[in-house]
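A.B. asks: Would you mind keeping the following structure in view while I ask a few things?
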Amino acid sequence: MKRILIIEDDETIAAIERDYLAVNEFEVDIAATGPEGIAKGRSGRYDLILLDLMLPGTDGFTVCRALRETLDIPILMVTARQEDIDKIKGLGMGADDYITKPFSPNVLVARIKANLAQYDRLKQTGRPDRAQIQMGNILLQEDARRVFVNGEEVELKNKEYEILLFLMSNADIVFSKETLYERIWGYDALGDNATVAVHINRLREK
């Protein structure tokens, strides 16, 4: 059974999220503050973290950055904010995906399942004939999940790595943002395609 940590200060919202996830056979814990969420998240007991952005005291951005120092599991950021700058900042801190309130609980469950499924696929042992991919000055070691540019290792976030792997594995094909979103996140028309643009821009910077 997959374990989810909800970091949410609103007890009503946290309870609704917990109940829907429990019905879908997830084991759920709740943390009501940023420091509590960081402590629980770092325990290594969870498969995915559902993180509210607007937490009292230590906000979701800070929590996400702290968790990313030791964790590579999916982090799904939840917020009532609509501004693109918040989405860009959250993804830049290491969040894998972003969902805006209000949302359907069924959509939330679908997004969680898709992120977990994609993460599990990437954690499987790579095929021998795809142990590494070389394109120009970029070398991607699939089994080790490492990327080198001009011989220097470059650290990538989860989704940055997944996008690069997908593009390098399909070098002769042009994909739309919508197609990339469906292929990388594993579902169609449920998310924000700006997420793809943010990750692509961060890849280009590196």
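Residues are referred to by chain and number: the chain letter is A, B, ... according to the order shown in the structure tokens, the number counts from 1 in that chain, and ligands are numbered separately from 1 in the order shown.
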Would you mind listing what lies within 10 Å of Val147 (chain A) as number ranges by chain, with only C-alpha atoms counted and same-chain residues fewer than 6 positions away left out?
C.D. replies: A: 132-134, 138-141, 153-156, 161, 164-165
A.B. asks: Could those residues be written to a file, using all heavy atoms, as a tab-separated table (two decimals), in the first residue's frame?
C.D. replies:
chain	number	residue	atom	x	y	z
A	132	GLN	N	22.82	3.84	-21.39
A	132	GLN	CA	23.17	5.25	-21.51
A	132	GLN	C	22.84	5.75	-22.90
A	132	GLN	O	22.80	4.99	-23.87
A	132	GLN	CB	24.65	5.48	-21.20
A	132	GLN	CG	25.63	4.85	-22.13
A	132	GLN	CD	27.06	5.16	-21.72
A	132	GLN	OE1	27.36	5.33	-20.54
A	132	GLN	NE2	27.95	5.27	-22.68
A	133	ILE	N	22.55	7.05	-22.97
A	133	ILE	CA	22.21	7.69	-24.24
A	133	ILE	C	23.13	8.89	-24.41
A	133	ILE	O	23.28	9.70	-23.50
A	133	ILE	CB	20.74	8.16	-24.25
A	133	ILE	CG1	19.80	7.00	-23.89
A	133	ILE	CG2	20.38	8.73	-25.62
A	133	ILE	CD1	18.35	7.45	-23.71
A	134	GLN	N	23.74	8.99	-25.58
A	134	GLN	CA	24.65	10.11	-25.87
A	134	GLN	C	24.08	10.93	-27.01
A	134	GLN	O	23.71	10.40	-28.06
A	134	GLN	CB	26.03	9.58	-26.27
A	134	GLN	CG	27.03	10.66	-26.68
A	134	GLN	CD	27.72	11.29	-25.49
A	134	GLN	OE1	28.23	10.58	-24.62
A	134	GLN	NE2	27.76	12.61	-25.45
A	138	ILE	N	25.82	15.83	-24.41
A	138	ILE	CA	25.01	15.36	-23.28
A	138	ILE	C	25.06	13.84	-23.20
A	138	ILE	O	24.79	13.14	-24.18
A	138	ILE	CB	23.55	15.82	-23.41
A	138	ILE	CG1	23.47	17.34	-23.52
A	138	ILE	CG2	22.73	15.33	-22.21
A	138	ILE	CD1	22.06	17.86	-23.78
A	139	LEU	N	25.41	13.34	-22.02
A	139	LEU	CA	25.42	11.89	-21.76
A	139	LEU	C	24.45	11.62	-20.63
A	139	LEU	O	24.57	12.17	-19.54
A	139	LEU	CB	26.81	11.40	-21.38
A	139	LEU	CG	26.91	9.94	-20.91
A	139	LEU	CD1	26.55	8.99	-22.05
A	139	LEU	CD2	28.29	9.63	-20.36
A	140	LEU	N	23.48	10.73	-20.89
A	140	LEU	CA	22.50	10.35	-19.88
A	140	LEU	C	22.69	8.88	-19.54
A	140	LEU	O	22.60	8.02	-20.42
A	140	LEU	CB	21.08	10.62	-20.37
A	140	LEU	CG	19.93	10.39	-19.38
A	140	LEU	CD1	18.78	11.36	-19.66
A	140	LEU	CD2	19.42	8.96	-19.42
A	141	GLN	N	22.99	8.59	-18.29
A	141	GLN	CA	23.14	7.21	-17.81
A	141	GLN	C	21.82	6.80	-17.18
A	141	GLN	O	21.51	7.17	-16.05
A	141	GLN	CB	24.28	7.11	-16.80
A	141	GLN	CG	25.65	7.42	-17.39
A	141	GLN	CD	26.76	7.31	-16.37
A	141	GLN	OE1	26.52	7.27	-15.17
A	141	GLN	NE2	28.01	7.29	-16.85
A	153	GLU	N	28.98	16.50	-14.35
A	153	GLU	CA	27.66	16.03	-13.94
A	153	GLU	C	26.75	17.21	-13.62
A	153	GLU	O	27.16	18.18	-12.99
A	153	GLU	CB	27.76	15.10	-12.74
A	153	GLU	CG	26.42	14.48	-12.35
A	153	GLU	CD	26.55	13.33	-11.36
A	153	GLU	OE1	27.68	13.09	-10.87
A	153	GLU	OE2	25.53	12.68	-11.08
A	154	VAL	N	25.50	17.09	-14.07
A	154	VAL	CA	24.48	18.12	-13.84
A	154	VAL	C	23.37	17.51	-13.00
A	154	VAL	O	22.85	16.44	-13.32
A	154	VAL	CB	23.91	18.64	-15.18
A	154	VAL	CG1	22.80	19.65	-14.92
A	154	VAL	CG2	25.02	19.25	-16.03
A	155	GLU	N	23.01	18.20	-11.93
A	155	GLU	CA	21.94	17.70	-11.06
A	155	GLU	C	20.59	18.15	-11.59
A	155	GLU	O	20.37	19.34	-11.80
A	155	GLU	CB	22.13	18.22	-9.64
A	155	GLU	CG	21.08	17.70	-8.66
A	155	GLU	CD	21.30	18.22	-7.25
A	155	GLU	OE1	22.37	18.81	-7.00
A	155	GLU	OE2	20.40	18.03	-6.42
A	156	LEU	N	19.70	17.20	-11.82
A	156	LEU	CA	18.37	17.50	-12.32
A	156	LEU	C	17.31	17.06	-11.32
A	156	LEU	O	17.46	16.06	-10.64
A	156	LEU	CB	18.11	16.77	-13.65
A	156	LEU	CG	19.04	17.09	-14.83
A	156	LEU	CD1	18.59	16.31	-16.06
A	156	LEU	CD2	19.05	18.59	-15.13
A	161	TYR	N	14.65	15.39	-15.24
A	161	TYR	CA	15.31	14.19	-15.73
A	161	TYR	C	14.37	13.39	-16.63
A	161	TYR	O	14.77	12.91	-17.70
A	161	TYR	CB	15.76	13.31	-14.56
A	161	TYR	CG	16.27	11.95	-14.99
A	161	TYR	CD1	17.58	11.79	-15.42
A	161	TYR	CD2	15.42	10.85	-14.99
A	161	TYR	CE1	18.04	10.54	-15.84
A	161	TYR	CE2	15.87	9.61	-15.41
A	161	TYR	CZ	17.18	9.45	-15.82
A	161	TYR	OH	17.62	8.23	-16.25
A	164	LEU	N	14.01	15.06	-20.03
A	164	LEU	CA	15.23	14.90	-20.83
A	164	LEU	C	15.36	13.48	-21.35
A	164	LEU	O	15.69	13.26	-22.53
A	164	LEU	CB	16.46	15.27	-19.99
A	164	LEU	CG	17.81	15.17	-20.72
A	164	LEU	CD1	17.86	16.15	-21.88
A	164	LEU	CD2	18.96	15.44	-19.75
A	165	LEU	N	15.09	12.50	-20.51
A	165	LEU	CA	15.15	11.10	-20.93
A	165	LEU	C	14.18	10.83	-22.06
A	165	LEU	O	14.53	10.20	-23.07
A	165	LEU	CB	14.85	10.18	-19.75
A	165	LEU	CG	14.69	8.68	-20.07
A	165	LEU	CD1	15.96	8.12	-20.69
A	165	LEU	CD2	14.31	7.91	-18.81
A.B. asks: List every residue of region 6-206 of chain A that DSSP, applied to the backbone, labels as alpha helix (DSSP H), and write the result as JSON, numbers by chain.
C.D. replies: {"A": [11, 12, 13, 14, 15, 16, 17, 18, 19, 20, 21, 22, 23, 34, 35, 36, 37, 38, 39, 40, 41, 60, 61, 62, 63, 64, 65, 66, 67, 68, 84, 85, 86, 87, 88, 89, 90, 91, 92, 105, 106, 107, 108, 109, 110, 111, 112, 113, 114, 115, 116, 117, 118, 119, 120, 121, 122, 123, 158, 159, 160, 161, 162, 163, 164, 165, 166, 167, 168, 169, 177, 178, 179, 180, 181, 182, 183, 184, 185, 194, 195, 196, 197, 198, 199, 200, 201, 202, 203, 204, 205]}
A.B. asks: Give the answer as one residue: which of A:Ala31, A:Leu21, A:Ile184, A:Ile38 has the shortest atom-to-atom distance to Ile112 (chain A), using only C-alpha atoms?
C.D. replies: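 Comparing A:Ala31, A:Leu21, A:Ile184, A:Ile38 against Ile112 (chain A), the winner is A:Leu21.
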A.B. asks: I'd like to know which of A:Thr79, A:Trp185, A:Leu108, A:Thr62 is closest to Arg121 (chain A), using only C-alpha atoms.
C.D. replies: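 Among A:Thr79, A:Trp185, A:Leu108, A:Thr62, it is A:Trp185 that comes nearest to Arg121 (chain A).
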A.B. asks: What is the distance, in Å and to one decimal place, between CA of Val149 (chain A) and CA of Asn137 (chain A)?
C.D. replies: 5.6 Å
A.B. asks: As a list in words, please: the residues near Gly37 (chain A) (cut-off 9 Å, only C-alpha atoms, same-chain neighbours under 2 positions excluded).
C.D. replies: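 Returned residues: Leu5, Ile6, Ile7, Glu8, Ile30, Ala31, Ala32, Thr33, Gly34, Pro35, Ala39, Lys40, Gly41, Arg42, Leu51, Val63 and Leu67 of chain A.
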A.B. asks: Suppose we keep all heavy atoms; can you now write the selection as a compact mmCIF listing (two decimals), in the first residue's frame?
C.D. replies:
# COMPACT_ATOMS: atom_id res chain seq x y z
N LEU A 5 1.85 11.53 2.49
CA LEU A 5 1.90 12.53 3.55
C LEU A 5 1.22 13.80 3.06
O LEU A 5 1.62 14.37 2.04
CB LEU A 5 3.34 12.84 3.96
CG LEU A 5 3.50 13.98 4.98
CD1 LEU A 5 2.82 13.63 6.30
CD2 LEU A 5 4.98 14.30 5.19
N ILE A 6 0.17 14.22 3.76
CA ILE A 6 -0.51 15.47 3.46
C ILE A 6 0.02 16.54 4.42
O ILE A 6 -0.07 16.38 5.63
CB ILE A 6 -2.04 15.33 3.63
CG1 ILE A 6 -2.61 14.33 2.63
CG2 ILE A 6 -2.71 16.70 3.46
CD1 ILE A 6 -4.10 14.03 2.87
N ILE A 7 0.56 17.62 3.87
CA ILE A 7 1.00 18.75 4.69
C ILE A 7 0.03 19.89 4.42
O ILE A 7 0.09 20.55 3.39
CB ILE A 7 2.45 19.15 4.36
CG1 ILE A 7 3.38 17.94 4.45
CG2 ILE A 7 2.91 20.26 5.30
CD1 ILE A 7 4.82 18.24 4.07
N GLU A 8 -0.90 20.08 5.34
CA GLU A 8 -2.03 21.00 5.15
C GLU A 8 -2.51 21.50 6.50
O GLU A 8 -2.79 20.70 7.41
CB GLU A 8 -3.16 20.26 4.41
CG GLU A 8 -4.50 20.96 4.39
CD GLU A 8 -4.48 22.25 3.58
OE1 GLU A 8 -4.30 22.19 2.35
OE2 GLU A 8 -4.62 23.33 4.23
N ILE A 30 -1.07 13.02 8.19
CA ILE A 30 -1.27 14.46 8.02
C ILE A 30 -0.31 15.22 8.92
O ILE A 30 -0.11 14.86 10.09
CB ILE A 30 -2.72 14.86 8.38
CG1 ILE A 30 -3.70 14.21 7.40
CG2 ILE A 30 -2.88 16.38 8.34
CD1 ILE A 30 -5.16 14.43 7.77
N ALA A 31 0.29 16.28 8.38
CA ALA A 31 1.09 17.22 9.16
C ALA A 31 0.46 18.59 8.98
O ALA A 31 0.13 18.99 7.86
CB ALA A 31 2.54 17.24 8.67
N ALA A 32 0.27 19.33 10.07
CA ALA A 32 -0.46 20.60 10.03
C ALA A 32 0.45 21.81 9.90
O ALA A 32 -0.04 22.91 9.64
CB ALA A 32 -1.32 20.74 11.28
N THR A 33 1.76 21.64 10.06
CA THR A 33 2.69 22.76 9.96
C THR A 33 3.89 22.37 9.09
O THR A 33 4.15 21.18 8.87
CB THR A 33 3.21 23.18 11.34
OG1 THR A 33 4.04 22.13 11.88
CG2 THR A 33 2.06 23.46 12.29
N GLY A 34 4.62 23.40 8.66
CA GLY A 34 5.80 23.15 7.85
C GLY A 34 6.85 22.33 8.57
O GLY A 34 7.33 21.32 8.03
N PRO A 35 7.28 22.71 9.77
CA PRO A 35 8.29 21.93 10.49
C PRO A 35 7.87 20.48 10.73
O PRO A 35 8.68 19.57 10.61
CB PRO A 35 8.44 22.70 11.80
CG PRO A 35 8.10 24.11 11.45
CD PRO A 35 6.99 23.99 10.46
N ALA A 39 9.79 17.15 9.18
CA ALA A 39 10.23 16.05 10.04
C ALA A 39 9.64 14.71 9.61
O ALA A 39 10.35 13.70 9.49
CB ALA A 39 9.86 16.35 11.50
N LYS A 40 8.33 14.71 9.33
CA LYS A 40 7.69 13.47 8.90
C LYS A 40 8.17 13.06 7.51
O LYS A 40 8.43 11.88 7.26
CB LYS A 40 6.17 13.63 8.91
CG LYS A 40 5.55 13.62 10.30
CD LYS A 40 4.02 13.61 10.22
CE LYS A 40 3.40 13.44 11.60
NZ LYS A 40 1.92 13.39 11.55
N GLY A 41 8.27 14.03 6.62
CA GLY A 41 8.68 13.72 5.25
C GLY A 41 10.07 13.10 5.19
O GLY A 41 10.32 12.18 4.41
N ARG A 42 10.97 13.60 6.02
CA ARG A 42 12.35 13.10 6.01
C ARG A 42 12.49 11.72 6.64
O ARG A 42 13.57 11.13 6.59
CB ARG A 42 13.26 14.09 6.74
CG ARG A 42 13.56 15.34 5.92
CD ARG A 42 14.38 16.33 6.72
NE ARG A 42 14.87 17.43 5.88
CZ ARG A 42 15.50 18.50 6.35
NH1 ARG A 42 15.71 18.62 7.66
NH2 ARG A 42 15.91 19.45 5.53
N LEU A 51 1.56 18.73 -0.71
CA LEU A 51 2.04 19.88 0.05
C LEU A 51 1.25 21.15 -0.25
O LEU A 51 1.23 21.62 -1.39
CB LEU A 51 3.53 20.11 -0.28
CG LEU A 51 4.20 21.36 0.27
CD1 LEU A 51 4.19 21.37 1.79
CD2 LEU A 51 5.63 21.46 -0.26
N VAL A 63 9.29 24.46 2.74
CA VAL A 63 9.16 23.03 3.06
C VAL A 63 9.61 22.18 1.88
O VAL A 63 10.35 21.21 2.04
CB VAL A 63 7.70 22.70 3.42
CG1 VAL A 63 7.52 21.19 3.59
CG2 VAL A 63 7.29 23.41 4.70
N LEU A 67 12.68 19.48 1.90
CA LEU A 67 12.44 18.06 1.63
C LEU A 67 13.28 17.57 0.45
O LEU A 67 13.77 16.45 0.45
CB LEU A 67 10.96 17.81 1.36
CG LEU A 67 10.02 17.96 2.56
CD1 LEU A 67 8.56 17.89 2.11
CD2 LEU A 67 10.30 16.89 3.61
A.B. asks: Quote the spacing between CA of Ala22 (chain A) and CA of Ala117 (chain A) in Å to one decimal place.
C.D. replies: 17.6 Å
A.B. asks: Show me, as a PyMOL selection string, the residues that have an atom within 10 Å of Glu25 (chain A) when counting only C-alpha atoms, minus same-chain residues fewer than 6 positions from it.
C.D. replies: chain A and resi 1-3+19
A.B. asks: Report, in Å to a single decimal, how far apart CA of Ser169 (chain A) and CA of Ile49 (chain A) are.
C.D. replies: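 It comes out at 28.7 Å.
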A.B. asks: Would you mind writing down, as a count of residues only, each residue of chain A that DSSP on the backbone assigns to strand (DSSP E or B)?
C.D. replies: 39
A.B. asks: Set out as CSV a contact list for region 102-153 of chain A and region 45-48 of chain A with a cut-off of 10 Å, giving each residue of region 102-153 of chain A that qualifies its closest atom pair and distance in Å to one decimal, counting only C-alpha atoms, ordered by chain and rising residue number.
C.D. replies:
residue,atom,partner,partner_atom,distance
A:Ile112,CA,A:Leu48,CA,7.8
A:Lys113,CA,A:Leu48,CA,9.7
A:Asn115,CA,A:Leu48,CA,8.4
A:Leu116,CA,A:Leu48,CA,7.2
A:Tyr119,CA,A:Asp47,CA,9.4
A:Asp120,CA,A:Asp47,CA,9.7
A.B. asks: For region 94-101 of chain A, work out the shell of residues within 6 Å, counting only C-alpha atoms and skipping chain neighbours fewer than 2 positions away, then give it as number ranges by chain.
C.D. replies: A: 74-80, 90-92, 103, 159
